[in-house]
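Beneath this line is the structure, given in structure tokens, with notes to follow.
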Amino acid sequence: DVYKRQPVACAAALGAIEVMERDDLAGCARHLEQIAVSMLREAQSSDARIGDIRGRGAMVAFELVDPDTQDPDAELTAAVAAAAREAGVITLTCGTHGNVIRLLPPLTIGDDLFREGLGVIVDALRAR
């Protein structure tokens, strides 16, 4: 029986599940998704360089593209990520063409801090 051989691992797993349920971390993830997608769509409405916005829960990503051709813009993505990092916000760049910025905030981040961090990223894009 696996439970008898790995009691510490089982206790840790049960503890993690308890925290997930108690703190409604799935609900927190959905809430962060709403904030991120809303802010990114607002930025997208005035900046054609923001392409596809996608994700699930707190892991949301958006593409940066050439506004005329919709080709991936890896150079812009790297510049935005570097500027955000200089301002104190760490982002992940990813994607086949290196033109995607992925958000993966802690599920317990406060709304104001999350909005502030997203604002830093959007401002870094606007400055380019």
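Letters A, B, ... mark the chains of the structure tokens in the order given; residue numbers begin at 1 per chain; ligand numbers begin at 1, in order shown.
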
### Task
Write down as a PyMOL selection string the residues belonging to chain A that are assigned helix (DSSP H, G or I) by DSSP computed on the backbone.
chain A and resi 2-5+7-22+25-44+74-86+111-126

### Task
Identify, with DSSP run on backbone atoms, the residues in chain A assigned to strand (DSSP E or B), and express the list as a VMD selection string.
chain A and resid 50 to 56 59 to 65 72 92 to 94 100 to 103

### Message
Counting only C-alpha atoms, which residue out of A:Ala124, A:Ala74, A:Ala79, A:Cys28 sits closest to Ala58 in chain A?
### Response
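So, comparing all the options, the nearest one is A:Cys28.
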
### Message
What's the separation between CA of Asp23 in chain A and CA of Arg85 in chain A, in Å to one decimal place?
### Response
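Going from CA of Asp23 in chain A over to CA of Arg85 in chain A covers 29.5 Å.
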
### Task
Could you check how far CA of Ile109 in chain A sits from CA of Leu14 in chain A, in Å to one decimal?
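Calculated distance between CA of Ile109 in chain A and CA of Leu14 in chain A is 23.0 Å.
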
### Query
With distances taken over only C-alpha atoms, which of A:Met59, A:Leu64, A:Ile17, A:Val100 is nearest to Ala43 in chain A?
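Result for the nearest residue to Ala43 in chain A: A:Leu64.
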
### Query
Out of A:Pro67, A:Cys94, A:Met39, A:Arg102, which residue has the shortest atom-to-atom distance to Arg54 in chain A when counting only C-alpha atoms?
A:Arg102

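Using only C-alpha atoms, the nearest neighbour of Ala84 in chain A within the list A:Arg41, A:His31, A:Arg126, A:Arg22 is A:Arg126.
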
### Task
Excluding Asp66 in chain A and any residue of its chain fewer than 6 positions from it, enumerate the residues within 10 Å of it, using only C-alpha atoms, and give them as a list in words.
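Non-adjacent residues within range: Ala48, Arg49, Ile50, Gly51, Pro72, Asp73, Ala74 and Leu76 of chain A.
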
Could those residues be written to a file, using all heavy atoms, as a PDB file, in the first residue's frame?
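As a result, out.pdb now contains:
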```
ATOM      1  N   ALA A  48      -2.315  47.980 -31.382  1.00  0.00           N
ATOM      2  CA  ALA A  48      -2.454  46.838 -32.287  1.00  0.00           C
ATOM      3  C   ALA A  48      -1.280  45.868 -32.205  1.00  0.00           C
ATOM      4  O   ALA A  48      -1.304  44.813 -32.833  1.00  0.00           O
ATOM      5  CB  ALA A  48      -2.620  47.328 -33.721  1.00  0.00           C
ATOM      6  N   ARG A  49      -0.253  46.206 -31.428  1.00  0.00           N
ATOM      7  CA  ARG A  49       0.877  45.292 -31.271  1.00  0.00           C
ATOM      8  C   ARG A  49       0.558  44.151 -30.317  1.00  0.00           C
ATOM      9  O   ARG A  49       1.279  43.162 -30.266  1.00  0.00           O
ATOM     10  CB  ARG A  49       2.114  46.046 -30.791  1.00  0.00           C
ATOM     11  CG  ARG A  49       2.581  47.112 -31.792  1.00  0.00           C
ATOM     12  CD  ARG A  49       3.706  47.933 -31.253  1.00  0.00           C
ATOM     13  NE  ARG A  49       3.286  48.628 -30.036  1.00  0.00           N
ATOM     14  CZ  ARG A  49       4.109  49.278 -29.218  1.00  0.00           C
ATOM     15  NH1 ARG A  49       5.402  49.331 -29.492  1.00  0.00           N
ATOM     16  NH2 ARG A  49       3.656  49.879 -28.142  1.00  0.00           N
ATOM     17  N   ILE A  50      -0.514  44.275 -29.557  1.00  0.00           N
ATOM     18  CA  ILE A  50      -0.947  43.177 -28.691  1.00  0.00           C
ATOM     19  C   ILE A  50      -1.828  42.273 -29.533  1.00  0.00           C
ATOM     20  O   ILE A  50      -2.896  42.673 -29.999  1.00  0.00           O
ATOM     21  CB  ILE A  50      -1.716  43.686 -27.457  1.00  0.00           C
ATOM     22  CG1 ILE A  50      -0.822  44.599 -26.624  1.00  0.00           C
ATOM     23  CG2 ILE A  50      -2.221  42.504 -26.624  1.00  0.00           C
ATOM     24  CD1 ILE A  50      -1.520  45.238 -25.426  1.00  0.00           C
ATOM     25  N   GLY A  51      -1.351  41.065 -29.751  1.00  0.00           N
ATOM     26  CA  GLY A  51      -2.093  40.100 -30.556  1.00  0.00           C
ATOM     27  C   GLY A  51      -3.016  39.265 -29.684  1.00  0.00           C
ATOM     28  O   GLY A  51      -3.786  39.793 -28.881  1.00  0.00           O
ATOM     29  N   PRO A  72       5.082  37.696 -35.579  1.00  0.00           N
ATOM     30  CA  PRO A  72       5.596  37.745 -34.204  1.00  0.00           C
ATOM     31  C   PRO A  72       6.713  38.777 -34.077  1.00  0.00           C
ATOM     32  O   PRO A  72       7.549  38.913 -34.975  1.00  0.00           O
ATOM     33  CB  PRO A  72       6.144  36.334 -33.977  1.00  0.00           C
ATOM     34  CG  PRO A  72       5.459  35.474 -34.983  1.00  0.00           C
ATOM     35  CD  PRO A  72       5.207  36.352 -36.165  1.00  0.00           C
ATOM     36  N   ASP A  73       6.725  39.505 -32.953  1.00  0.00           N
ATOM     37  CA  ASP A  73       7.759  40.517 -32.724  1.00  0.00           C
ATOM     38  C   ASP A  73       8.552  40.164 -31.463  1.00  0.00           C
ATOM     39  O   ASP A  73       8.290  40.669 -30.377  1.00  0.00           O
ATOM     40  CB  ASP A  73       7.127  41.905 -32.593  1.00  0.00           C
ATOM     41  CG  ASP A  73       8.152  43.021 -32.699  1.00  0.00           C
ATOM     42  OD1 ASP A  73       9.348  42.772 -32.430  1.00  0.00           O
ATOM     43  OD2 ASP A  73       7.757  44.156 -33.047  1.00  0.00           O
ATOM     44  N   ALA A  74       9.526  39.280 -31.645  1.00  0.00           N
ATOM     45  CA  ALA A  74      10.349  38.818 -30.526  1.00  0.00           C
ATOM     46  C   ALA A  74      11.224  39.937 -29.969  1.00  0.00           C
ATOM     47  O   ALA A  74      11.474  39.989 -28.760  1.00  0.00           O
ATOM     48  CB  ALA A  74      11.215  37.640 -30.961  1.00  0.00           C
ATOM     49  N   LEU A  76      10.530  43.197 -29.797  1.00  0.00           N
ATOM     50  CA  LEU A  76       9.690  44.030 -28.933  1.00  0.00           C
ATOM     51  C   LEU A  76       9.402  43.307 -27.621  1.00  0.00           C
ATOM     52  O   LEU A  76       9.451  43.917 -26.546  1.00  0.00           O
ATOM     53  CB  LEU A  76       8.378  44.383 -29.643  1.00  0.00           C
ATOM     54  CG  LEU A  76       7.338  45.128 -28.805  1.00  0.00           C
ATOM     55  CD1 LEU A  76       7.881  46.477 -28.336  1.00  0.00           C
ATOM     56  CD2 LEU A  76       6.046  45.288 -29.590  1.00  0.00           C
TER      57      LEU A  76
END
```

### Task
Mind giving me the straight-line distance from CA of Ala78 in chain A to CA of Ala36 in chain A in Å, one decimal?
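Interatomic distance, CA of Ala78 in chain A to CA of Ala36 in chain A: 19.9 Å.
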
### Task
Using only C-alpha atoms, find the one residue out of A:Arg5, A:His97, A:Arg115, A:Arg128 that sits nearest to Ser38 in chain A.
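Using only C-alpha atoms, the shortest distance to Ser38 in chain A belongs to A:Arg115.
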
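If you measure from each of A:Gly55, A:Gly27, A:Pro105, A:Gly15 to Val89 in chain A using only C-alpha atoms, the closest one turns out to be A:Pro105.
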